[in-house]
>>> print(open('my_file-v7.cif').read())   # mmCIF, N, CA and C atoms
data_input
#
loop_
_atom_site.label_atom_id
_atom_site.label_comp_id
_atom_site.auth_asym_id
_atom_site.auth_seq_id
_atom_site.Cartn_x
_atom_site.Cartn_y
_atom_site.Cartn_z
N MET X 13 58.58 39.19 5.72
CA MET X 13 58.36 40.46 5.06
C MET X 13 58.61 41.62 6.02
N LYS X 14 58.14 41.48 7.26
CA LYS X 14 58.34 42.55 8.24
C LYS X 14 59.81 42.76 8.52
N LYS X 15 60.58 41.66 8.60
CA LYS X 15 62.02 41.77 8.85
C LYS X 15 62.71 42.48 7.68
N TYR X 16 62.26 42.19 6.47
CA TYR X 16 62.83 42.82 5.29
C TYR X 16 62.57 44.32 5.30
N LEU X 17 61.35 44.71 5.61
CA LEU X 17 61.00 46.13 5.66
C LEU X 17 61.76 46.84 6.78
N LEU X 18 61.89 46.17 7.93
CA LEU X 18 62.64 46.75 9.05
C LEU X 18 64.11 46.96 8.66
N ALA X 19 64.70 45.96 8.00
CA ALA X 19 66.10 46.08 7.57
C ALA X 19 66.25 47.20 6.54
N LEU X 20 65.31 47.29 5.62
CA LEU X 20 65.34 48.34 4.61
C LEU X 20 65.20 49.72 5.25
N PHE X 21 64.30 49.87 6.19
CA PHE X 21 64.11 51.13 6.90
C PHE X 21 65.37 51.51 7.68
N SER X 22 65.97 50.53 8.36
CA SER X 22 67.18 50.77 9.15
C SER X 22 68.33 51.22 8.26
N ALA X 23 68.46 50.57 7.10
CA ALA X 23 69.53 50.95 6.17
C ALA X 23 69.31 52.36 5.66
N GLY X 24 68.07 52.71 5.35
CA GLY X 24 67.76 54.06 4.87
C GLY X 24 68.05 55.10 5.93
N THR X 25 67.71 54.80 7.18
CA THR X 25 67.99 55.72 8.28
C THR X 25 69.50 55.91 8.45
N LEU X 26 70.25 54.84 8.34
CA LEU X 26 71.70 54.90 8.49
C LEU X 26 72.31 55.75 7.37
N ILE X 27 71.85 55.56 6.15
CA ILE X 27 72.38 56.34 5.03
C ILE X 27 72.03 57.81 5.20
N ALA X 28 70.81 58.11 5.61
CA ALA X 28 70.39 59.50 5.82
C ALA X 28 71.22 60.16 6.90
N CYS X 29 71.45 59.46 7.99
CA CYS X 29 72.25 60.02 9.10
C CYS X 29 73.69 60.24 8.67
N ALA X 30 74.24 59.32 7.87
CA ALA X 30 75.60 59.49 7.39
C ALA X 30 75.69 60.72 6.49
N GLY X 31 74.68 60.94 5.65
CA GLY X 31 74.67 62.12 4.79
C GLY X 31 74.62 63.41 5.58
N ILE X 32 73.85 63.43 6.65
CA ILE X 32 73.78 64.61 7.51
C ILE X 32 75.11 64.85 8.18
N ALA X 33 75.75 63.80 8.65
CA ALA X 33 77.04 63.94 9.32
C ALA X 33 78.09 64.49 8.36
N ILE X 34 78.07 64.03 7.11
CA ILE X 34 79.04 64.53 6.14
C ILE X 34 78.76 65.99 5.83
N ALA X 35 77.49 66.34 5.65
CA ALA X 35 77.14 67.72 5.33
C ALA X 35 77.43 68.67 6.48
N ALA X 36 77.41 68.18 7.72
CA ALA X 36 77.57 69.04 8.88
C ALA X 36 79.03 69.19 9.31
N GLN X 37 79.97 68.60 8.56
CA GLN X 37 81.36 68.72 8.95
C GLN X 37 81.77 70.19 8.92
N PRO X 38 82.42 70.64 9.98
CA PRO X 38 82.82 72.04 10.01
C PRO X 38 83.99 72.28 9.06
N GLY X 39 84.09 73.48 8.60
CA GLY X 39 85.19 73.86 7.74
C GLY X 39 84.97 75.26 7.23
N LEU X 40 86.01 75.84 6.75
CA LEU X 40 85.95 77.19 6.22
C LEU X 40 85.12 77.21 4.95
N SER X 41 84.23 78.17 4.82
CA SER X 41 83.39 78.31 3.64
C SER X 41 83.15 79.80 3.39
N PHE X 42 83.56 80.27 2.22
CA PHE X 42 83.32 81.67 1.90
C PHE X 42 81.83 81.96 1.74
N ALA X 43 81.08 80.99 1.25
CA ALA X 43 79.63 81.19 1.14
C ALA X 43 79.04 81.44 2.52
N ALA X 44 79.49 80.69 3.52
CA ALA X 44 79.00 80.88 4.88
C ALA X 44 79.48 82.22 5.45
N LEU X 45 80.73 82.58 5.18
CA LEU X 45 81.25 83.87 5.66
C LEU X 45 80.46 85.01 5.03
N GLU X 46 80.14 84.88 3.76
CA GLU X 46 79.37 85.92 3.07
C GLU X 46 77.97 86.01 3.64
N TYR X 47 77.38 84.88 3.93
CA TYR X 47 76.02 84.86 4.49
C TYR X 47 75.98 85.57 5.84
N GLN X 48 77.08 85.51 6.59
CA GLN X 48 77.13 86.12 7.92
C GLN X 48 77.38 87.63 7.88
N GLN X 49 77.72 88.16 6.72
CA GLN X 49 78.01 89.58 6.60
C GLN X 49 76.73 90.41 6.68
N PRO X 50 76.82 91.60 7.26
CA PRO X 50 75.66 92.50 7.21
C PRO X 50 75.42 92.91 5.77
N ARG X 51 74.19 93.28 5.47
CA ARG X 51 73.87 93.71 4.11
C ARG X 51 74.65 94.97 3.77
N ASP X 52 75.12 95.02 2.54
CA ASP X 52 75.82 96.22 2.10
C ASP X 52 74.82 97.37 2.02
N PRO X 53 75.25 98.57 2.35
CA PRO X 53 74.30 99.69 2.41
C PRO X 53 73.77 100.08 1.04
N LEU X 54 72.55 100.56 1.04
CA LEU X 54 72.01 101.16 -0.18
C LEU X 54 72.54 102.57 -0.26
N LEU X 55 73.25 102.85 -1.31
CA LEU X 55 73.86 104.16 -1.48
C LEU X 55 73.00 105.00 -2.42
N PRO X 56 73.15 106.30 -2.39
CA PRO X 56 72.41 107.13 -3.36
C PRO X 56 72.76 106.69 -4.78
N SER X 57 71.82 106.80 -5.68
CA SER X 57 72.01 106.29 -7.04
C SER X 57 73.21 106.91 -7.74
N ASN X 58 73.55 108.15 -7.43
CA ASN X 58 74.70 108.77 -8.07
C ASN X 58 76.02 108.24 -7.51
N GLN X 59 75.96 107.47 -6.45
CA GLN X 59 77.17 106.95 -5.82
C GLN X 59 77.27 105.44 -5.92
N SER X 60 76.20 104.77 -6.32
CA SER X 60 76.16 103.33 -6.17
C SER X 60 76.63 102.53 -7.37
N ALA X 61 76.63 103.07 -8.55
CA ALA X 61 76.90 102.26 -9.73
C ALA X 61 78.38 102.22 -10.09
N ASP X 62 78.88 101.03 -10.27
CA ASP X 62 80.22 100.77 -10.80
C ASP X 62 81.36 101.38 -10.00
N ILE X 63 81.17 101.58 -8.72
CA ILE X 63 82.23 102.07 -7.85
C ILE X 63 82.60 100.94 -6.90
N VAL X 64 83.89 100.64 -6.79
CA VAL X 64 84.34 99.59 -5.90
C VAL X 64 84.26 100.09 -4.46
N GLU X 65 83.48 99.42 -3.66
CA GLU X 65 83.33 99.74 -2.24
C GLU X 65 84.04 98.66 -1.43
N HIS X 66 84.76 99.06 -0.39
CA HIS X 66 85.44 98.09 0.48
C HIS X 66 84.69 98.02 1.81
N THR X 67 84.43 96.81 2.24
CA THR X 67 83.77 96.59 3.52
C THR X 67 84.73 96.98 4.63
N PRO X 68 84.27 97.74 5.62
CA PRO X 68 85.16 98.12 6.74
C PRO X 68 85.73 96.88 7.44
N GLN X 69 86.98 96.99 7.84
CA GLN X 69 87.64 95.87 8.52
C GLN X 69 86.89 95.43 9.77
N ALA X 70 86.26 96.38 10.45
CA ALA X 70 85.50 96.01 11.66
C ALA X 70 84.35 95.07 11.31
N ASP X 71 83.74 95.23 10.13
CA ASP X 71 82.63 94.38 9.73
C ASP X 71 83.07 92.96 9.36
N ILE X 72 84.28 92.84 8.81
CA ILE X 72 84.75 91.51 8.41
C ILE X 72 85.67 90.87 9.45
N ALA X 73 85.85 91.54 10.59
CA ALA X 73 86.76 91.02 11.62
C ALA X 73 86.45 89.57 12.03
N PRO X 74 85.19 89.18 12.26
CA PRO X 74 84.93 87.78 12.62
C PRO X 74 85.36 86.81 11.50
N ALA X 75 85.16 87.20 10.25
CA ALA X 75 85.57 86.36 9.13
C ALA X 75 87.09 86.26 9.07
N VAL X 76 87.77 87.38 9.28
CA VAL X 76 89.24 87.38 9.28
C VAL X 76 89.76 86.47 10.39
N ASP X 77 89.13 86.54 11.56
CA ASP X 77 89.53 85.66 12.67
C ASP X 77 89.37 84.19 12.30
N GLU X 78 88.26 83.87 11.63
CA GLU X 78 88.01 82.48 11.24
C GLU X 78 89.03 82.00 10.20
N ILE X 79 89.34 82.85 9.24
CA ILE X 79 90.33 82.49 8.22
C ILE X 79 91.71 82.36 8.85
N SER X 80 92.05 83.28 9.76
CA SER X 80 93.36 83.24 10.44
C SER X 80 93.50 81.99 11.29
N ALA X 81 92.42 81.58 11.93
CA ALA X 81 92.46 80.36 12.74
C ALA X 81 92.64 79.12 11.87
N ALA X 82 92.07 79.15 10.67
CA ALA X 82 92.17 78.01 9.77
C ALA X 82 93.54 77.93 9.10
N ILE X 83 94.21 79.09 8.97
CA ILE X 83 95.53 79.15 8.32
C ILE X 83 96.50 79.87 9.23
N PRO X 84 96.96 79.21 10.30
CA PRO X 84 97.91 79.88 11.19
C PRO X 84 99.29 80.01 10.55
N ALA X 85 100.09 80.89 11.09
CA ALA X 85 101.47 81.05 10.61
C ALA X 85 102.17 79.71 10.67
N GLY X 86 102.93 79.42 9.64
CA GLY X 86 103.64 78.15 9.56
C GLY X 86 102.93 77.10 8.72
N THR X 87 101.70 77.40 8.30
CA THR X 87 100.96 76.46 7.46
C THR X 87 101.66 76.34 6.10
N PRO X 88 101.88 75.13 5.61
CA PRO X 88 102.48 74.99 4.28
C PRO X 88 101.58 75.61 3.20
N ARG X 89 102.20 76.19 2.19
CA ARG X 89 101.48 76.84 1.11
C ARG X 89 100.44 75.91 0.49
N ALA X 90 100.82 74.68 0.20
CA ALA X 90 99.91 73.73 -0.45
C ALA X 90 98.68 73.46 0.42
N ALA X 91 98.88 73.36 1.73
CA ALA X 91 97.76 73.12 2.64
C ALA X 91 96.82 74.33 2.68
N ALA X 92 97.39 75.54 2.69
CA ALA X 92 96.58 76.76 2.69
C ALA X 92 95.79 76.87 1.39
N GLU X 93 96.45 76.59 0.26
CA GLU X 93 95.75 76.61 -1.04
C GLU X 93 94.60 75.61 -1.07
N ALA X 94 94.85 74.41 -0.58
CA ALA X 94 93.81 73.37 -0.58
C ALA X 94 92.63 73.77 0.30
N LEU X 95 92.92 74.32 1.47
CA LEU X 95 91.86 74.75 2.37
C LEU X 95 91.02 75.86 1.76
N LEU X 96 91.68 76.84 1.15
CA LEU X 96 90.96 77.94 0.53
C LEU X 96 90.18 77.47 -0.71
N ALA X 97 90.71 76.51 -1.43
CA ALA X 97 89.99 75.95 -2.58
C ALA X 97 88.73 75.23 -2.13
N ARG X 98 88.83 74.45 -1.05
CA ARG X 98 87.64 73.77 -0.51
C ARG X 98 86.61 74.79 -0.02
N ALA X 99 87.08 75.94 0.42
CA ALA X 99 86.18 77.00 0.90
C ALA X 99 85.53 77.77 -0.25
N GLY X 100 86.03 77.55 -1.48
CA GLY X 100 85.43 78.19 -2.65
C GLY X 100 86.30 79.20 -3.37
N ALA X 101 87.52 79.41 -2.91
CA ALA X 101 88.40 80.42 -3.51
C ALA X 101 89.28 79.81 -4.60
N HIS X 102 89.82 80.69 -5.42
CA HIS X 102 90.79 80.32 -6.44
C HIS X 102 92.07 81.07 -6.13
N CYS X 103 93.20 80.36 -6.10
CA CYS X 103 94.48 80.97 -5.73
C CYS X 103 95.39 81.12 -6.94
N ARG X 104 96.17 82.21 -6.88
CA ARG X 104 97.15 82.50 -7.91
C ARG X 104 98.38 83.12 -7.27
N GLN X 105 99.53 82.56 -7.57
CA GLN X 105 100.77 83.08 -7.02
C GLN X 105 101.09 84.43 -7.64
N ARG X 106 101.36 85.41 -6.79
CA ARG X 106 101.73 86.75 -7.28
C ARG X 106 103.23 86.84 -7.51
N ASP X 107 103.99 86.41 -6.51
CA ASP X 107 105.45 86.36 -6.59
C ASP X 107 105.91 85.36 -5.55
N ALA X 108 107.21 85.29 -5.31
CA ALA X 108 107.72 84.30 -4.37
C ALA X 108 107.28 84.58 -2.93
N ALA X 109 106.91 85.82 -2.64
CA ALA X 109 106.58 86.20 -1.27
C ALA X 109 105.08 86.30 -0.99
N SER X 110 104.23 86.13 -2.03
CA SER X 110 102.80 86.26 -1.77
C SER X 110 101.96 85.50 -2.79
N GLU X 111 100.76 85.22 -2.37
CA GLU X 111 99.79 84.55 -3.22
C GLU X 111 98.43 85.18 -2.96
N ARG X 112 97.62 85.31 -3.99
CA ARG X 112 96.30 85.93 -3.85
C ARG X 112 95.23 84.88 -4.13
N CYS X 113 94.30 84.76 -3.20
CA CYS X 113 93.19 83.84 -3.35
C CYS X 113 91.90 84.65 -3.33
N THR X 114 91.02 84.39 -4.29
CA THR X 114 89.80 85.18 -4.41
C THR X 114 88.57 84.30 -4.43
N TYR X 115 87.50 84.85 -3.89
CA TYR X 115 86.18 84.22 -3.93
C TYR X 115 85.22 85.27 -4.49
N PHE X 116 84.37 84.86 -5.42
CA PHE X 116 83.43 85.78 -6.06
C PHE X 116 82.01 85.28 -5.84
N ASP X 117 81.11 86.23 -5.57
CA ASP X 117 79.69 85.91 -5.38
C ASP X 117 78.88 87.06 -5.96
N VAL X 118 77.64 86.78 -6.30
CA VAL X 118 76.73 87.80 -6.80
C VAL X 118 75.52 87.81 -5.88
N GLU X 119 75.12 89.00 -5.46
CA GLU X 119 73.97 89.15 -4.59
C GLU X 119 73.02 90.17 -5.20
N THR X 120 71.76 90.03 -4.88
CA THR X 120 70.79 91.03 -5.32
C THR X 120 70.27 91.79 -4.11
N ARG X 121 70.07 93.06 -4.32
CA ARG X 121 69.54 93.93 -3.26
C ARG X 121 68.56 94.88 -3.92
N ASP X 122 67.30 94.67 -3.66
CA ASP X 122 66.26 95.43 -4.33
C ASP X 122 66.46 95.30 -5.84
N GLU X 123 66.57 96.41 -6.54
CA GLU X 123 66.75 96.33 -7.99
C GLU X 123 68.22 96.28 -8.40
N TYR X 124 69.13 96.17 -7.44
CA TYR X 124 70.56 96.20 -7.72
C TYR X 124 71.16 94.80 -7.68
N VAL X 125 72.28 94.66 -8.35
CA VAL X 125 73.08 93.44 -8.31
C VAL X 125 74.46 93.83 -7.80
N ASP X 126 74.92 93.13 -6.76
CA ASP X 126 76.24 93.39 -6.20
C ASP X 126 77.19 92.25 -6.57
N ALA X 127 78.33 92.60 -7.12
CA ALA X 127 79.41 91.64 -7.37
C ALA X 127 80.34 91.72 -6.17
N VAL X 128 80.42 90.65 -5.40
CA VAL X 128 81.19 90.63 -4.15
C VAL X 128 82.47 89.83 -4.35
N HIS X 129 83.59 90.40 -3.90
CA HIS X 129 84.89 89.73 -4.00
C HIS X 129 85.53 89.65 -2.61
N TRP X 130 85.93 88.46 -2.23
CA TRP X 130 86.77 88.26 -1.04
C TRP X 130 88.18 88.03 -1.57
N ASN X 131 89.14 88.77 -1.06
CA ASN X 131 90.55 88.62 -1.44
C ASN X 131 91.37 88.28 -0.21
N VAL X 132 92.04 87.16 -0.27
CA VAL X 132 92.92 86.73 0.81
C VAL X 132 94.33 86.72 0.26
N ARG X 133 95.19 87.49 0.88
CA ARG X 133 96.59 87.51 0.48
C ARG X 133 97.38 86.67 1.48
N LEU X 134 98.07 85.67 0.96
CA LEU X 134 98.95 84.84 1.78
C LEU X 134 100.35 85.43 1.69
N ASN X 135 100.89 85.86 2.80
CA ASN X 135 102.27 86.34 2.85
C ASN X 135 103.14 85.14 3.16
N LEU X 136 104.10 84.87 2.27
CA LEU X 136 104.88 83.65 2.33
C LEU X 136 106.34 83.89 2.64
N ALA X 137 106.93 82.93 3.31
CA ALA X 137 108.37 82.87 3.50
C ALA X 137 108.76 81.44 3.16
N GLY X 138 109.49 81.30 2.08
CA GLY X 138 109.77 79.95 1.60
C GLY X 138 108.47 79.36 1.09
N ASP X 139 108.10 78.24 1.63
CA ASP X 139 106.86 77.58 1.22
C ASP X 139 105.85 77.54 2.36
N GLN X 140 105.95 78.51 3.29
CA GLN X 140 105.04 78.54 4.43
C GLN X 140 104.37 79.91 4.55
N VAL X 141 103.14 79.87 5.04
CA VAL X 141 102.39 81.10 5.26
C VAL X 141 102.93 81.78 6.53
N GLN X 142 103.25 83.06 6.40
CA GLN X 142 103.72 83.83 7.56
C GLN X 142 102.61 84.72 8.11
N GLY X 143 101.63 85.02 7.30
CA GLY X 143 100.51 85.86 7.72
C GLY X 143 99.54 85.99 6.57
N ILE X 144 98.37 86.55 6.88
CA ILE X 144 97.36 86.76 5.84
C ILE X 144 96.77 88.16 5.97
N SER X 145 96.22 88.65 4.89
CA SER X 145 95.40 89.86 4.93
C SER X 145 94.15 89.57 4.13
N VAL X 146 93.03 90.13 4.58
CA VAL X 146 91.73 89.84 3.98
C VAL X 146 91.03 91.15 3.64
N ASP X 147 90.42 91.18 2.46
CA ASP X 147 89.66 92.34 2.01
C ASP X 147 88.38 91.82 1.36
N ARG X 148 87.28 92.53 1.59
CA ARG X 148 86.01 92.22 0.93
C ARG X 148 85.57 93.49 0.22
N SER X 149 85.35 93.37 -1.08
CA SER X 149 84.89 94.53 -1.85
C SER X 149 83.64 94.14 -2.63
N TRP X 150 82.90 95.14 -3.04
CA TRP X 150 81.69 94.91 -3.82
C TRP X 150 81.45 96.06 -4.76
N VAL X 151 80.84 95.73 -5.88
CA VAL X 151 80.50 96.72 -6.90
C VAL X 151 79.03 96.54 -7.20
N ARG X 152 78.29 97.60 -7.15
CA ARG X 152 76.85 97.56 -7.42
C ARG X 152 76.59 97.97 -8.86
N SER X 153 75.71 97.25 -9.51
CA SER X 153 75.32 97.62 -10.87
C SER X 153 73.83 97.47 -11.05
#
>>> encode(input="my_file-v7.cif", output="structure tokens")
Amino acid sequence: MKKYLLALFSAGTLIACAGIAIAAQPGLSFAALEYQQPRDPLLPSNQSADIVEHTPQADIAPAVDEISAAIPAGTPRAAAEALLARAGAHCRQRDAASERCTYFDVETRDEYVDAVHWNVRLNLAGDQVQGISVDRSWVRS
């Protein structure tokens, strides 16, 4: 009986450790990038409702660096799409030279609700990424 319990405990520990290892795998995640962002400012009430605000590039620079490192120039379009999809974005081809990938989140701040959008534009040449541009915007309601 003791051997059975020990084997059962060992198997449970192994399964738990495997689950932690899978969950801890590094990778691009827009939810994580959003969590790392400073809180959006509380604006005066006459300025805060239904106006699209863009996060300054200096504030999203670390996120842009992380996305750029994950999708270097020369990355195949399909690989970039797959990576961004795993990170939580949805991609749509704009034309032969570009594709737009977006991530949407909703946050609450005091009595306000912010609709947050991350937009990643893939600049393409043929079927490869030549560069990216990133924008984060939010609308308070």
>>> resolve_selection(input="my_file-v7.cif", expression="the PyMOL selection byres ((chain X and resi 89) around 8)", output="list of chain:residue names")
X:Gly86, X:Thr87, X:Pro88, X:Ala90, X:Ala91, X:Ala92, X:Glu93, X:Ala94, X:Leu95, X:Leu136, X:Gly138, X:Asp139, X:Gln140, X:Val141
>>> write_last_selection(input="my_file-v7.cif", atoms="N, CA and C atoms", output="short mmCIF file (atom, residue, chain, number, x, y, z; two decimals), in the coordinates of the input")
data_model
loop_
_atom_site.label_atom_id
_atom_site.label_comp_id
_atom_site.auth_asym_id
_atom_site.auth_seq_id
_atom_site.Cartn_x
_atom_site.Cartn_y
_atom_site.Cartn_z
N GLY X 86 102.93 79.42 9.64
CA GLY X 86 103.64 78.15 9.56
C GLY X 86 102.93 77.10 8.72
N THR X 87 101.70 77.40 8.30
CA THR X 87 100.96 76.46 7.46
C THR X 87 101.66 76.34 6.10
N PRO X 88 101.88 75.13 5.61
CA PRO X 88 102.48 74.99 4.28
C PRO X 88 101.58 75.61 3.20
N ALA X 90 100.82 74.68 0.20
CA ALA X 90 99.91 73.73 -0.45
C ALA X 90 98.68 73.46 0.42
N ALA X 91 98.88 73.36 1.73
CA ALA X 91 97.76 73.12 2.64
C ALA X 91 96.82 74.33 2.68
N ALA X 92 97.39 75.54 2.69
CA ALA X 92 96.58 76.76 2.69
C ALA X 92 95.79 76.87 1.39
N GLU X 93 96.45 76.59 0.26
CA GLU X 93 95.75 76.61 -1.04
C GLU X 93 94.60 75.61 -1.07
N ALA X 94 94.85 74.41 -0.58
CA ALA X 94 93.81 73.37 -0.58
C ALA X 94 92.63 73.77 0.30
N LEU X 95 92.92 74.32 1.47
CA LEU X 95 91.86 74.75 2.37
C LEU X 95 91.02 75.86 1.76
N LEU X 136 104.10 84.87 2.27
CA LEU X 136 104.88 83.65 2.33
C LEU X 136 106.34 83.89 2.64
N GLY X 138 109.49 81.30 2.08
CA GLY X 138 109.77 79.95 1.60
C GLY X 138 108.47 79.36 1.09
N ASP X 139 108.10 78.24 1.63
CA ASP X 139 106.86 77.58 1.22
C ASP X 139 105.85 77.54 2.36
N GLN X 140 105.95 78.51 3.29
CA GLN X 140 105.04 78.54 4.43
C GLN X 140 104.37 79.91 4.55
N VAL X 141 103.14 79.87 5.04
CA VAL X 141 102.39 81.10 5.26
C VAL X 141 102.93 81.78 6.53
#
>>> resolve_selection(input="my_file-v7.cif", expression="the PyMOL selection byres (((chain X and resi 110 and name CA) around 9) and name CA)", output="list in words")
Gln105, Arg106, Asp107, Ala108, Ala109, Glu111, Arg112, Arg133, Leu134, Asn135, Leu136, Ala137 and Val141 of chain X
>>> resolve_selection(input="my_file-v7.cif", expression="the PyMOL selection byres ((chain X and resi 127) around 8)", output="number ranges by chain")
X: 116-120, 124-126, 128-130, 149-153
>>> closest_residue(input="my_file-v7.cif", among="X:Asn131, X:Gln69, X:Ser41, X:Gln142", to="Ala97 of chain X", atoms="only C-alpha atoms")
X:Ser41
>>> atom_distance(input="my_file-v7.cif", atom1="atom C of Ser80 of chain X", atom2="atom N of Ile144 of chain X")
8.0 Å
>>> atom_distance(input="my_file-v7.cif", atom1="atom CA of Ala82 of chain X", atom2="atom CA of Arg51 of chain X")
24.8 Å
>>> closest_residue(input="my_file-v7.cif", among="X:Val132, X:Leu45, X:Val64, X:Cys113", to="Glu78 of chain X", atoms="only C-alpha atoms")
X:Leu45
>>> atom_distance(input="my_file-v7.cif", atom1="atom CA of Ala70 of chain X", atom2="atom CA of Glu123 of chain X")
27.2 Å
>>> closest_residue(input="my_file-v7.cif", among="X:Cys103, X:Ile72, X:Ile83, X:Ile63", to="Pro50 of chain X", atoms="only N, CA and C atoms")
X:Ile72
>>> select_by_dssp(input="my_file-v7.cif", residues="segment 73-120 of chain X", states="helix (DSSP H, G or I)", output="number ranges by chain")
X: 73-82, 89-98
>>> axis_aligned_box(input="my_file-v7.cif", around="segment 82-100 of chain X", padding_each_side="5 Å", output="lines of an AutoDock Vina configuration file")
center_x = 94.5
center_y = 77.1
center_z = 3.9
size_x = 28.2
size_y = 17.9
size_z = 24.6
>>> closest_residue(input="my_file-v7.cif", among="X:Tyr115, X:Ala99, X:Arg121, X:Gln48", to="Asp71 of chain X", atoms="only C-alpha atoms")
X:Gln48
